[in-house]
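Asks: Next up, target08.cif (mmCIF, C-alpha atoms).
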```cif
data_coords
#
loop_
_atom_site.label_atom_id
_atom_site.label_comp_id
_atom_site.auth_asym_id
_atom_site.auth_seq_id
_atom_site.Cartn_x
_atom_site.Cartn_y
_atom_site.Cartn_z
CA MET A 1119 16.95 50.95 -6.72
CA ARG A 1120 15.76 47.44 -5.97
CA PRO A 1121 16.63 46.34 -2.40
CA VAL A 1122 19.18 43.57 -2.14
CA LYS A 1123 17.74 40.39 -0.66
CA ASP A 1124 19.63 39.18 2.38
CA PRO A 1125 21.02 35.70 1.47
CA ARG A 1126 21.05 34.79 5.14
CA GLY A 1127 17.26 34.64 5.04
CA ASN A 1128 17.47 31.24 3.30
CA LEU A 1129 19.67 29.67 5.94
CA PRO A 1130 18.00 26.60 7.54
CA THR A 1131 18.69 28.19 10.93
CA LEU A 1132 16.65 31.29 10.01
CA VAL A 1133 14.16 30.27 7.34
CA LYS A 1134 10.44 30.10 8.11
CA LEU A 1135 9.06 26.56 8.39
CA LYS A 1136 7.37 25.33 5.21
CA ASP A 1137 5.20 22.90 7.17
CA PRO A 1138 4.63 23.89 10.82
CA ASP A 1139 2.50 20.79 11.43
CA THR A 1140 5.62 18.64 11.11
CA ALA A 1141 7.12 20.37 14.16
CA GLU A 1142 4.01 19.57 16.19
CA SER A 1143 3.91 15.94 15.02
CA VAL A 1144 7.59 15.17 15.61
CA ALA A 1145 8.57 16.84 18.89
CA SER A 1146 10.92 14.67 20.93
CA SER A 1147 14.61 14.22 20.17
CA ARG A 1148 14.14 10.48 19.78
CA ASP A 1149 11.28 10.87 17.31
CA LYS A 1150 13.20 13.47 15.32
CA ALA A 1151 16.18 11.13 15.05
CA LEU A 1152 14.17 8.16 13.76
CA VAL A 1153 12.12 10.29 11.34
CA ARG A 1154 15.27 11.96 10.03
CA ASP A 1155 16.88 8.55 9.54
CA ALA A 1156 13.86 7.16 7.69
CA ALA A 1157 13.77 10.29 5.53
CA ARG A 1158 17.09 9.25 3.94
CA SER A 1159 15.06 6.79 1.87
CA THR A 1160 12.08 9.11 1.24
CA VAL A 1161 12.06 10.90 -2.12
CA SER A 1162 9.81 13.20 -4.12
CA VAL A 1163 8.36 11.84 -7.37
CA SER A 1164 6.68 13.84 -10.12
CA SER A 1165 5.41 13.50 -13.66
CA ILE A 1166 6.49 16.31 -15.99
CA ALA A 1167 4.63 17.11 -19.24
CA LEU A 1168 6.42 18.14 -22.43
CA ASP A 1169 5.69 21.81 -21.66
CA GLY A 1170 7.41 21.46 -18.29
CA LYS A 1171 4.19 21.48 -16.25
CA VAL A 1172 3.99 19.14 -13.25
CA THR A 1173 0.97 16.89 -13.83
CA TYR A 1174 1.46 14.74 -10.72
CA ARG A 1175 3.47 15.05 -7.56
CA GLY A 1176 3.82 12.50 -4.79
CA THR A 1177 6.31 10.69 -2.59
CA GLY A 1178 8.35 7.54 -3.08
CA ILE A 1179 10.39 5.06 -1.05
CA PHE A 1180 13.87 3.88 -2.00
CA ILE A 1181 13.66 0.10 -1.54
CA GLY A 1182 16.90 -1.29 -2.92
CA TRP A 1183 19.80 -1.28 -5.34
CA LYS A 1184 19.78 -3.02 -8.71
CA GLU A 1185 23.40 -4.15 -8.80
CA ASN A 1186 25.37 -1.39 -7.13
CA LYS A 1187 24.80 2.00 -5.52
CA LYS A 1188 24.69 3.70 -8.91
CA CYS A 1189 21.25 2.27 -9.75
CA ALA A 1190 18.35 2.53 -7.29
CA ARG A 1191 14.76 1.31 -7.29
CA VAL A 1192 11.96 3.48 -5.96
CA LEU A 1193 8.48 2.40 -4.91
CA THR A 1194 5.57 4.80 -5.34
CA CYS A 1195 1.88 4.95 -6.26
CA SER A 1196 0.81 3.87 -9.76
CA GLU A 1197 -1.13 7.13 -10.08
CA ILE A 1198 2.10 8.68 -11.32
CA VAL A 1199 1.78 6.75 -14.59
CA HIS A 1200 -1.75 5.37 -14.79
CA GLY A 1201 -3.88 7.55 -17.09
CA LEU A 1202 -1.10 10.07 -17.77
CA ASN A 1203 0.58 10.88 -21.06
CA PRO A 1204 3.23 8.21 -21.73
CA ASN A 1205 5.52 10.93 -23.07
CA ASN A 1206 5.72 12.57 -19.65
CA LYS A 1207 9.07 12.43 -17.91
CA LEU A 1208 9.33 10.96 -14.43
CA HIS A 1209 11.48 13.02 -12.07
CA ILE A 1210 12.77 11.75 -8.74
CA CYS A 1211 14.15 14.31 -6.32
CA LEU A 1212 16.43 12.89 -3.63
CA PRO A 1213 16.69 14.18 -0.05
CA ASN A 1214 19.73 16.29 -1.04
CA ARG A 1215 17.54 17.89 -3.79
CA SER A 1216 19.42 16.32 -6.69
CA ILE A 1217 16.99 15.33 -9.48
CA PHE A 1218 17.15 12.23 -11.66
CA GLU A 1219 14.95 11.04 -14.50
CA GLY A 1220 13.23 7.80 -13.59
CA GLN A 1221 12.40 4.79 -15.72
CA LEU A 1222 9.16 2.90 -15.14
CA LEU A 1223 9.75 -0.82 -14.55
CA PHE A 1224 6.15 -1.83 -13.86
CA PHE A 1225 2.91 -0.76 -12.27
CA ASN A 1226 -0.04 -2.70 -10.89
CA LYS A 1227 -3.58 -1.33 -11.08
CA HIS A 1228 -5.11 -3.49 -8.35
CA TYR A 1229 -2.50 -2.69 -5.73
CA ASP A 1230 -1.84 0.86 -7.02
CA ILE A 1231 1.94 0.44 -6.86
CA ALA A 1232 4.66 1.37 -9.32
CA LEU A 1233 8.37 0.57 -9.38
CA LEU A 1234 10.78 3.12 -10.84
CA GLU A 1235 14.52 3.01 -11.43
CA ILE A 1236 17.16 5.77 -11.47
CA SER A 1237 20.80 5.60 -12.51
CA SER A 1238 23.86 7.75 -11.91
CA ASP A 1239 27.54 7.79 -12.84
CA SER A 1240 28.40 7.90 -9.15
CA ASP A 1241 27.00 6.38 -5.97
CA LEU A 1242 23.55 7.72 -5.14
CA PRO A 1243 23.18 9.41 -1.71
CA LEU A 1244 20.39 7.14 -0.48
CA GLN A 1245 20.06 4.97 2.60
CA LEU A 1246 18.26 1.63 2.47
CA PRO A 1247 15.47 1.64 5.05
CA THR A 1248 14.80 -1.04 7.63
CA PHE A 1249 11.64 -2.96 6.77
CA GLY A 1250 9.49 -3.90 9.74
CA CYS A 1251 6.72 -6.39 10.38
CA ASN A 1252 3.15 -6.03 9.20
CA PRO A 1253 1.30 -3.01 10.61
CA ASN A 1254 -1.13 -3.74 13.44
CA TYR A 1255 -4.51 -2.29 14.26
CA GLY A 1256 -4.18 0.39 16.94
CA GLN A 1257 -0.47 0.92 16.22
CA ASP A 1258 1.03 4.42 16.53
CA VAL A 1259 2.97 5.44 13.42
CA PHE A 1260 4.64 8.31 11.61
CA ILE A 1261 3.74 9.20 8.01
CA LEU A 1262 6.44 10.83 5.87
CA ALA A 1263 6.17 12.87 2.67
CA ARG A 1264 8.13 15.28 0.49
CA GLY A 1265 6.88 18.76 -0.46
CA GLU A 1266 7.26 20.76 -3.67
CA GLU A 1267 10.86 21.66 -2.81
CA SER A 1268 11.59 18.16 -1.49
CA ASN A 1269 11.16 19.47 2.05
CA LEU A 1270 10.44 16.78 4.61
CA MET A 1271 6.93 16.60 6.06
CA ALA A 1272 5.71 14.21 8.76
CA ARG A 1273 2.59 13.43 10.77
CA HIS A 1274 1.92 11.26 13.81
CA GLY A 1275 -1.11 9.00 13.64
CA ARG A 1276 -2.64 5.65 14.43
CA ILE A 1277 -3.91 2.67 12.46
CA LEU A 1278 -7.63 2.41 13.11
CA TRP A 1279 -9.46 -0.63 14.44
CA SER A 1280 -11.77 -0.63 11.44
CA GLU A 1281 -12.06 -1.60 7.80
CA ASP A 1282 -12.74 0.78 4.93
CA PRO A 1283 -16.37 0.29 3.77
CA GLU A 1284 -15.50 1.94 0.44
CA ASN A 1285 -12.58 -0.40 -0.30
CA LEU A 1286 -13.82 -3.83 0.73
CA ASN A 1287 -12.78 -5.17 -2.68
CA ARG A 1288 -9.22 -4.20 -1.72
CA ASN A 1289 -8.82 -6.21 1.44
CA HIS A 1290 -5.12 -5.36 1.76
CA LEU A 1291 -5.72 -1.76 2.84
CA MET A 1292 -5.89 -0.45 6.42
CA LEU A 1293 -7.03 2.98 7.66
CA LEU A 1294 -4.98 5.83 9.15
CA SER A 1295 -6.35 8.35 11.63
CA CYS A 1296 -4.27 11.50 11.11
CA GLU A 1297 -4.52 14.57 8.92
CA LEU A 1298 -2.13 14.17 6.01
CA PRO A 1299 0.39 16.53 4.44
CA GLU A 1300 0.15 17.34 0.75
CA TYR A 1301 1.77 14.94 -1.75
CA VAL A 1302 1.81 12.12 0.84
CA THR A 1303 0.61 9.36 -1.51
CA GLY A 1304 3.43 6.87 -2.00
CA GLY A 1305 5.22 7.91 1.19
CA PRO A 1306 6.42 5.57 3.93
CA VAL A 1307 4.63 4.71 7.16
CA ILE A 1308 7.16 3.97 9.90
CA ASP A 1309 6.79 2.48 13.35
CA HIS A 1310 8.31 3.87 16.54
CA GLU A 1311 11.53 1.99 15.86
CA GLY A 1312 11.97 3.79 12.55
CA SER A 1313 11.19 0.75 10.39
CA VAL A 1314 9.07 1.11 7.25
CA ILE A 1315 5.88 -0.93 7.72
CA GLY A 1316 3.74 0.41 4.90
CA MET A 1317 2.99 2.93 2.18
CA THR A 1318 0.40 5.72 2.38
CA PHE A 1319 -2.48 6.43 0.00
CA ASP A 1320 -4.48 9.63 0.30
CA ASN A 1321 -7.87 8.46 -0.98
CA VAL A 1322 -9.50 11.89 -0.52
CA GLY A 1323 -11.91 10.31 1.95
CA SER A 1324 -12.26 10.78 5.67
CA HIS A 1325 -9.22 8.58 6.30
CA ALA A 1326 -6.10 7.67 4.36
CA ASN A 1327 -5.05 4.09 3.65
CA ILE A 1328 -1.91 2.15 4.47
CA PHE A 1329 -0.68 -0.83 2.44
CA ALA A 1330 1.61 -3.25 4.32
CA ILE A 1331 5.21 -3.18 3.09
CA SER A 1332 5.54 -6.98 3.39
CA THR A 1333 2.76 -7.47 0.83
CA ILE A 1334 4.26 -4.82 -1.45
CA LEU A 1335 7.70 -6.45 -1.33
CA THR A 1336 6.11 -9.82 -2.17
CA CYS A 1337 4.48 -8.21 -5.23
CA ILE A 1338 7.77 -6.68 -6.33
CA GLU A 1339 9.68 -9.92 -5.82
CA MET A 1340 7.01 -11.77 -7.78
CA TRP A 1341 7.26 -9.33 -10.67
CA LEU A 1342 11.07 -9.35 -10.71
CA LYS A 1343 11.07 -13.16 -10.91
CA PHE A 1344 8.04 -13.85 -13.11
CA SER A 1345 7.35 -10.47 -14.82
CA ARG A 1346 3.80 -10.57 -13.47
CA ILE A 1347 1.81 -10.53 -10.24
CA ALA A 1348 -0.74 -13.32 -9.86
CA ARG A 1349 -3.51 -13.33 -7.27
CA PRO A 1350 -6.69 -15.44 -7.11
CA VAL A 1351 -9.86 -13.37 -7.56
CA HIS A 1352 -12.74 -14.63 -5.42
CA ASP A 1353 -15.20 -11.82 -6.33
CA LEU A 1354 -16.18 -11.32 -2.69
CA SER A 1355 -16.08 -8.12 -0.63
CA LEU A 1356 -15.24 -9.17 2.91
CA ARG A 1357 -15.09 -7.85 6.46
CA THR A 1358 -13.84 -9.65 9.55
CA VAL A 1359 -15.92 -10.67 12.53
CA GLU A 1360 -13.02 -9.44 14.68
CA LEU A 1361 -13.60 -5.79 13.69
CA LEU A 1362 -17.39 -5.92 13.85
CA ASP A 1363 -19.10 -3.71 16.43
CA VAL A 1364 -18.98 -5.43 19.83
CA SER A 1365 -22.77 -5.39 20.21
CA LEU A 1366 -23.15 -7.26 16.91
CA GLN A 1367 -20.33 -9.61 17.86
CA GLU A 1368 -22.31 -10.54 20.95
CA VAL A 1369 -25.43 -11.35 18.91
CA ILE A 1370 -23.52 -13.49 16.41
CA SER A 1371 -21.69 -15.27 19.20
CA LEU A 1372 -24.77 -16.00 21.33
CA ASP A 1373 -27.19 -16.78 18.50
CA HIS A 1374 -24.89 -18.54 16.05
CA ASN A 1375 -21.78 -19.52 18.04
CA ILE A 1376 -19.54 -17.60 15.62
CA ASN A 1377 -16.53 -15.74 17.00
CA ASN A 1378 -14.20 -15.58 13.99
CA GLY A 1379 -14.43 -15.54 10.24
CA TYR A 1380 -15.13 -13.32 7.27
CA ILE A 1381 -18.44 -11.56 6.69
CA VAL A 1382 -19.55 -11.49 3.05
CA ASP A 1383 -20.49 -7.86 2.37
CA GLU A 1384 -21.01 -8.19 -1.37
CA VAL A 1385 -20.88 -10.87 -4.06
CA SER A 1386 -20.11 -9.90 -7.65
CA ILE A 1387 -23.13 -10.39 -9.91
CA GLY A 1388 -22.73 -13.38 -12.19
CA SER A 1389 -19.62 -14.61 -10.40
CA THR A 1390 -18.90 -18.24 -9.59
CA ALA A 1391 -19.33 -17.42 -5.91
CA GLU A 1392 -22.87 -16.18 -6.58
CA LYS A 1393 -23.70 -19.25 -8.69
CA LEU A 1394 -22.55 -21.48 -5.83
CA GLY A 1395 -25.02 -19.78 -3.49
CA ILE A 1396 -22.79 -17.45 -1.45
CA ARG A 1397 -24.85 -14.42 -0.42
CA ASN A 1398 -24.21 -11.12 1.30
CA GLY A 1399 -24.57 -11.51 5.06
CA ASP A 1400 -23.12 -15.03 5.06
CA VAL A 1401 -20.08 -15.72 7.22
CA ILE A 1402 -17.12 -17.68 5.89
CA VAL A 1403 -16.08 -19.42 9.09
CA SER A 1404 -13.12 -21.07 7.36
CA LEU A 1405 -11.18 -20.32 4.15
CA ASP A 1406 -8.62 -23.03 3.48
CA GLY A 1407 -8.58 -23.51 7.25
CA LEU A 1408 -8.08 -19.80 7.97
CA CYS A 1409 -10.55 -17.93 10.17
CA ALA A 1410 -8.73 -15.58 12.56
CA GLN A 1411 -6.45 -13.76 10.13
CA THR A 1412 -6.91 -10.07 9.35
CA LEU A 1413 -7.81 -9.08 5.81
CA PRO A 1414 -4.20 -7.96 5.05
CA GLN A 1415 -2.99 -11.34 6.32
CA LEU A 1416 -5.57 -13.06 4.14
CA GLU A 1417 -4.26 -11.06 1.17
CA ASP A 1418 -0.75 -12.36 1.91
CA TYR A 1419 -2.13 -15.90 1.84
CA LEU A 1420 -3.84 -15.33 -1.52
CA LEU A 1421 -0.58 -13.95 -2.93
CA SER A 1422 1.21 -17.07 -1.69
CA LEU A 1423 -1.20 -19.10 -3.84
CA GLY A 1424 -0.29 -16.89 -6.77
CA TRP A 1425 3.39 -17.51 -6.09
CA ASP A 1426 2.83 -21.29 -6.09
CA PHE A 1427 0.84 -20.97 -9.32
CA LEU A 1428 3.61 -19.07 -11.11
CA GLN A 1429 6.26 -21.51 -9.97
CA GLY A 1430 4.28 -24.49 -11.21
CA SER A 1431 2.50 -23.30 -14.35
CA THR A 1432 2.43 -20.64 -17.06
CA ASP A 1433 -1.16 -21.37 -18.06
CA SER A 1434 -2.98 -18.12 -17.24
CA SER A 1435 -6.37 -19.85 -17.45
CA SER A 1436 -5.55 -22.21 -14.58
CA THR A 1437 -7.61 -22.04 -11.41
CA VAL A 1438 -7.25 -23.00 -7.78
CA ASP A 1439 -10.02 -24.20 -5.48
CA LEU A 1440 -10.61 -22.33 -2.23
CA LYS A 1441 -12.14 -24.59 0.41
CA LEU A 1442 -14.84 -22.59 2.20
CA GLU A 1443 -17.07 -23.32 5.16
CA VAL A 1444 -19.96 -20.87 4.72
CA TYR A 1445 -22.51 -20.24 7.46
CA ASP A 1446 -25.98 -19.01 6.44
CA LEU A 1447 -27.46 -16.96 9.28
CA LEU A 1448 -31.00 -17.34 7.91
CA GLU A 1449 -30.83 -21.12 7.55
CA ARG A 1450 -28.58 -21.48 10.60
CA GLY A 1451 -26.44 -24.00 8.80
CA THR A 1452 -22.93 -24.42 7.38
CA ARG A 1453 -22.12 -25.59 3.87
CA SER A 1454 -18.79 -26.77 2.50
CA ILE A 1455 -18.09 -25.02 -0.80
CA SER A 1456 -15.19 -25.54 -3.18
CA LEU A 1457 -14.81 -22.20 -4.93
CA PRO A 1458 -12.72 -22.30 -8.14
CA VAL A 1459 -10.96 -18.98 -8.69
CA GLU A 1460 -8.86 -17.74 -11.57
CA PHE A 1461 -5.57 -15.93 -11.20
CA CYS A 1462 -5.66 -12.29 -12.22
CA ASP A 1463 -2.61 -10.47 -13.49
CA ALA A 1464 -3.04 -6.69 -13.37
CA SER A 1465 0.62 -5.82 -13.96
CA ASP A 1466 1.84 -3.61 -16.75
CA SER A 1467 5.45 -3.02 -17.73
CA GLU A 1468 6.79 -0.14 -19.79
CA SER A 1469 7.42 -2.47 -22.70
CA GLU A 1470 3.77 -3.56 -22.98
#
```
Have the structure of the file written as structure tokens, please.
Replies:
Amino acid sequence: MRPVKDPRGNLPTLVKLKDPDTAESVASSRDKALVRDAARSTVSVSSIALDGKVTYRGTGIFIGWKENKKCARVLTCSEIVHGLNPNNKLHICLPNRSIFEGQLLFFNKHYDIALLEISSDSDLPLQLPTFGCNPNYGQDVFILARGEESNLMARHGRILWSEDPENLNRNHLMLLSCELPEYVTGGPVIDHEGSVIGMTFDNVGSHANIFAISTILTCIEMWLKFSRIARPVHDLSLRTVELLDVSLQEVISLDHNINNGYIVDEVSIGSTAEKLGIRNGDVIVSLDGLCAQTLPQLEDYLLSLGWDFLQGSTDSSSTVDLKLEVYDLLERGTRSISLPVEFCDASDSESE
């Protein structure tokens, strides 16, 4: 006779922890309260094939209502749709483990973001998160994710004082220091006040990335208003002098009197920037008057140019001139360069 399983073994007061690392990462009563509160807007997202097999699983962030609390919009990583069978169903599992089929509104390949929508006949049990300011280098944060059974997982980490050498063409990304739980991509990064300040990407490298929520919300607002996301493409991979090793900062400061700016790490072959004489190793000491901004802040500025472009024109071939002051360390001289850049639109909607 088969033994009867004790139903009390599944009680949350008795069950074995699915992710013991969460207990170590979130220990104090205060931290538990703010993580638990932020988790009300953290959902599990998955792509389901026609045979019922899960082909992708990640995390998402509830970011707002469409018109009422019966229709919610969820932010996640574009990996859930990019390159997958378009016939797959998108499932969104809420914190209370109720599952809804999601509709893709749009995704963006450059920023790796996707916006989904779910609907219900009754109010959805979700809580709108508080959105904080831009993440800062050196900031302590919590990273949230949902497991296979929608169980909450969390880690405590820090935003590194460095730039990702493998993603210099994606200047909006910052690096995280902690070990990540499974399925974390698309999950929220929250500060120690419980506010969402970014979204996590597990890039399978030595460190994960964080994308500032302010930039993401600008992208979403741009798409909702214009049905596209426009950003000027300068074809330059950049680093900041601010995050350069201090010994090299000293050399540049003493030998060239440079204390701020953007180091050109790579110039796309055949690009306008290359034709105008910009070379790797040069320092852009001013870009439209900017010199001390971080790369994520510079990305926000470039998006603001895209916003102005969309408000004033629908001509996708239009360009904008970036006014650069470029210092050549070999020639020890500065040149003023007007760099014409085109606006790129990497958005895709379900209807396209």
Asks: Give me, please, the distance in Å between atom CA of Pro1253 of chain A and atom CA of Ile1315 of chain A, quoted to one decimal.
Replies: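 Going from atom CA of Pro1253 of chain A over to atom CA of Ile1315 of chain A, I get 5.8 Å.
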Asks: Give me, as a Markdown table, the closest atom pair and its distance (Å, one decimal) for every residue of segment 1184-1219 of chain A within a cut-off of 6 Å of segment 1232-1239 of chain A, counting all atoms listed in the file, rows sorted by chain and rising number.
Replies:
```
| residue | atom | partner | partner_atom | distance |
| --- | --- | --- | --- | --- |
| A:Lys1188 | CA | A:Ser1238 | CA | 5.1 |
| A:Cys1189 | CA | A:Ser1237 | CA | 4.3 |
| A:Ala1190 | CA | A:Ile1236 | CA | 5.4 |
| A:Arg1191 | CA | A:Glu1235 | CA | 4.5 |
| A:Val1192 | CA | A:Leu1234 | CA | 5.0 |
| A:Leu1193 | CA | A:Leu1233 | CA | 4.8 |
| A:Thr1194 | CA | A:Ala1232 | CA | 5.3 |
| A:Cys1195 | CA | A:Ala1232 | CA | 5.5 |
| A:Ser1196 | CA | A:Ala1232 | CA | 4.6 |
```
Asks: Could you put an axis-aligned box around every listed atom of segment 1208-1224 of chain A, padded by 3 Å on each side, and send me its centre and edge lengths in Å to one decimal, as JSON?
Replies:
```
{"center_x": 12.9, "center_y": 8.0, "center_z": -7.9, "size_x": 19.6, "size_y": 25.7, "size_z": 21.7}
```
Asks: Could you list the residues chosen by the PyMOL selection byres ((chain A and resi 1331) around 10) in this structure as a ChimeraX atom specification?
Replies: /A:1249-1253,1306-1307,1314-1317,1328-1330,1332-1337
Asks: Give the answer as one residue: which of A:Gly1399, A:Gly1275, A:Gly1178, A:Gly1312 has the shortest atom-to-atom distance to Leu1354 of chain A, using only C-alpha atoms?
Replies: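 Under the stated criterion, the closest residue is A:Gly1399.
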Asks: Evaluate the PyMOL selection byres ((chain A and resi 1161) around 12) here and jot the selected residues down as number ranges by chain.
Replies: A: 1156-1160, 1162-1164, 1175-1181, 1190-1194, 1209-1218, 1220, 1234, 1236, 1243-1245, 1262-1271, 1301-1306
Asks: Set the distance at 8 Å and use only C-alpha atoms: which residues neighbour segment 1439-1450 of chain A once local chain neighbours fewer than 4 positions away are removed? I'd like the list as a CSV table (one decimal) with C-alpha atoms, in the frame of the given file.
Replies:
```csv
chain,number,residue,atom,x,y,z
A,1374,HIS,CA,-24.9,-18.5,16.0
A,1396,ILE,CA,-22.8,-17.4,-1.4
A,1399,GLY,CA,-24.6,-11.5,5.1
A,1400,ASP,CA,-23.1,-15.0,5.1
A,1401,VAL,CA,-20.1,-15.7,7.2
A,1402,ILE,CA,-17.1,-17.7,5.9
A,1403,VAL,CA,-16.1,-19.4,9.1
A,1404,SER,CA,-13.1,-21.1,7.4
A,1405,LEU,CA,-11.2,-20.3,4.2
A,1406,ASP,CA,-8.6,-23.0,3.5
A,1407,GLY,CA,-8.6,-23.5,7.2
A,1454,SER,CA,-18.8,-26.8,2.5
A,1455,ILE,CA,-18.1,-25.0,-0.8
A,1456,SER,CA,-15.2,-25.5,-3.2
A,1457,LEU,CA,-14.8,-22.2,-4.9
A,1458,PRO,CA,-12.7,-22.3,-8.1
A,1459,VAL,CA,-11.0,-19.0,-8.7
```
Asks: Rounded to one decimal place, report the atom CA of Glu1142 of chain A-atom CA of Ala1272 of chain A distance in Å.
Replies: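 Interatomic distance, atom CA of Glu1142 of chain A to atom CA of Ala1272 of chain A: 9.3 Å.
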Asks: Carefully work through the PyMOL selection byres ((chain A and resi 1143) around 8) for this structure and note down the residues it includes, as a PyMOL selection string.
Replies: chain A and resi 1139-1142+1144-1145+1272-1274
Asks: Limited to C-alpha atoms, could you put the picked residues into a file as a PDB file, in the coordinates of the input?
Replies:
```pdb
ATOM      1  CA  ASP A1139       2.500  20.790  11.430  1.00  0.00           C
ATOM      2  CA  THR A1140       5.620  18.640  11.110  1.00  0.00           C
ATOM      3  CA  ALA A1141       7.120  20.370  14.160  1.00  0.00           C
ATOM      4  CA  GLU A1142       4.010  19.570  16.190  1.00  0.00           C
ATOM      5  CA  VAL A1144       7.590  15.170  15.610  1.00  0.00           C
ATOM      6  CA  ALA A1145       8.570  16.840  18.890  1.00  0.00           C
ATOM      7  CA  ALA A1272       5.710  14.210   8.760  1.00  0.00           C
ATOM      8  CA  ARG A1273       2.590  13.430  10.770  1.00  0.00           C
ATOM      9  CA  HIS A1274       1.920  11.260  13.810  1.00  0.00           C
TER      10      HIS A1274
END
```
Asks: So that I can see what lies close to Asn1327 of chain A, please list as a list in words the residues with an atom at most 6 Å from it, counting all atoms listed in the file and leaving out residues fewer than 4 positions away in the same chain.
Replies: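 So the residues in contact are Leu1291, Met1292, Leu1293, Leu1294, Thr1318 and Phe1319 of chain A.
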Asks: Closest to Leu1408 of chain A among A:Thr1452, A:Thr1358, A:Asn1321, A:Ser1147, using only C-alpha atoms?
Replies: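 Ranking A:Thr1452, A:Thr1358, A:Asn1321, A:Ser1147 by distance to Leu1408 of chain A, first place goes to A:Thr1358.
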Asks: Using all atoms listed in the file, find all polymer residues with an atom at most 10 Å away from the point (5.3, -13.0, -6.4); report them as a list in words.
Replies: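 Residues lying no farther than 10 Å from the given point: Thr1333, Ile1334, Leu1335, Thr1336, Cys1337, Ile1338, Glu1339, Met1340, Trp1341, Leu1342, Lys1343, Phe1344, Ser1345, Arg1346, Ile1347, Ala1348, Arg1349, Leu1421, Ser1422, Leu1423, Gly1424, Trp1425, Asp1426, Phe1427, Leu1428 and Gln1429 of chain A.
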Asks: Let's have the selection written as an mmCIF file, in the coordinates of the input, with C-alpha atoms.
Replies:
```cif
data_model
loop_
_atom_site.group_PDB
_atom_site.id
_atom_site.type_symbol
_atom_site.label_atom_id
_atom_site.label_comp_id
_atom_site.auth_asym_id
_atom_site.auth_seq_id
_atom_site.Cartn_x
_atom_site.Cartn_y
_atom_site.Cartn_z
ATOM 1 C CA THR A 1333 2.760 -7.470 0.830
ATOM 2 C CA ILE A 1334 4.260 -4.820 -1.450
ATOM 3 C CA LEU A 1335 7.700 -6.450 -1.330
ATOM 4 C CA THR A 1336 6.110 -9.820 -2.170
ATOM 5 C CA CYS A 1337 4.480 -8.210 -5.230
ATOM 6 C CA ILE A 1338 7.770 -6.680 -6.330
ATOM 7 C CA GLU A 1339 9.680 -9.920 -5.820
ATOM 8 C CA MET A 1340 7.010 -11.770 -7.780
ATOM 9 C CA TRP A 1341 7.260 -9.330 -10.670
ATOM 10 C CA LEU A 1342 11.070 -9.350 -10.710
ATOM 11 C CA LYS A 1343 11.070 -13.160 -10.910
ATOM 12 C CA PHE A 1344 8.040 -13.850 -13.110
ATOM 13 C CA SER A 1345 7.350 -10.470 -14.820
ATOM 14 C CA ARG A 1346 3.800 -10.570 -13.470
ATOM 15 C CA ILE A 1347 1.810 -10.530 -10.240
ATOM 16 C CA ALA A 1348 -0.740 -13.320 -9.860
ATOM 17 C CA ARG A 1349 -3.510 -13.330 -7.270
ATOM 18 C CA LEU A 1421 -0.580 -13.950 -2.930
ATOM 19 C CA SER A 1422 1.210 -17.070 -1.690
ATOM 20 C CA LEU A 1423 -1.200 -19.100 -3.840
ATOM 21 C CA GLY A 1424 -0.290 -16.890 -6.770
ATOM 22 C CA TRP A 1425 3.390 -17.510 -6.090
ATOM 23 C CA ASP A 1426 2.830 -21.290 -6.090
ATOM 24 C CA PHE A 1427 0.840 -20.970 -9.320
ATOM 25 C CA LEU A 1428 3.610 -19.070 -11.110
ATOM 26 C CA GLN A 1429 6.260 -21.510 -9.970
#
```
Asks: Would you compute the distance between atom CA of Val1359 of chain A and atom CA of Ala1410 of chain A? Give it in Å to one decimal.
Replies: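 The value is 8.7 Å.
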Asks: What's around Leu1413 of chain A at 8 Å? Count all atoms listed in the file, leave out sequence neighbours fewer than 6 positions away in its own chain, and write the answer as a short mmCIF file (atom, residue, chain, number, x, y, z; two decimals) with C-alpha atoms, keeping the file's coordinate frame.
Replies:
```
data_model
loop_
_atom_site.label_atom_id
_atom_site.label_comp_id
_atom_site.auth_asym_id
_atom_site.auth_seq_id
_atom_site.Cartn_x
_atom_site.Cartn_y
_atom_site.Cartn_z
CA ASN A 1289 -8.82 -6.21 1.44
CA HIS A 1290 -5.12 -5.36 1.76
CA LEU A 1356 -15.24 -9.17 2.91
CA ARG A 1357 -15.09 -7.85 6.46
CA THR A 1358 -13.84 -9.65 9.55
#
```
Asks: Using all atoms listed in the file, which of the listed residues (A:Glu1281, A:Asp1320, A:Asp1124, A:Asp1137) sits closest to Asp1230 of chain A?
Replies: A:Asp1320
Asks: How would segment 1394-1399 of chain A look written as a compact mmCIF listing (two decimals), in the first residue's frame with N, CA and C atoms?
Replies:
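Once written, out-v9.txt looks like this:
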```txt
# COMPACT_ATOMS: atom_id res chain seq x y z
N LEU A 1394 35.83 61.09 -40.58
CA LEU A 1394 36.15 62.41 -40.06
C LEU A 1394 37.43 62.40 -39.21
N GLY A 1395 38.08 61.25 -39.11
CA GLY A 1395 39.38 61.20 -38.46
C GLY A 1395 39.38 60.84 -36.98
N ILE A 1396 38.24 60.41 -36.44
CA ILE A 1396 38.21 59.98 -35.03
C ILE A 1396 38.84 58.59 -34.95
N ARG A 1397 39.78 58.41 -34.02
CA ARG A 1397 40.52 57.16 -33.91
C ARG A 1397 40.43 56.61 -32.49
N ASN A 1398 40.65 55.31 -32.38
CA ASN A 1398 40.67 54.71 -31.04
C ASN A 1398 41.83 55.30 -30.25
N GLY A 1399 41.58 55.57 -28.98
CA GLY A 1399 42.57 56.22 -28.13
C GLY A 1399 42.36 57.71 -27.99
```
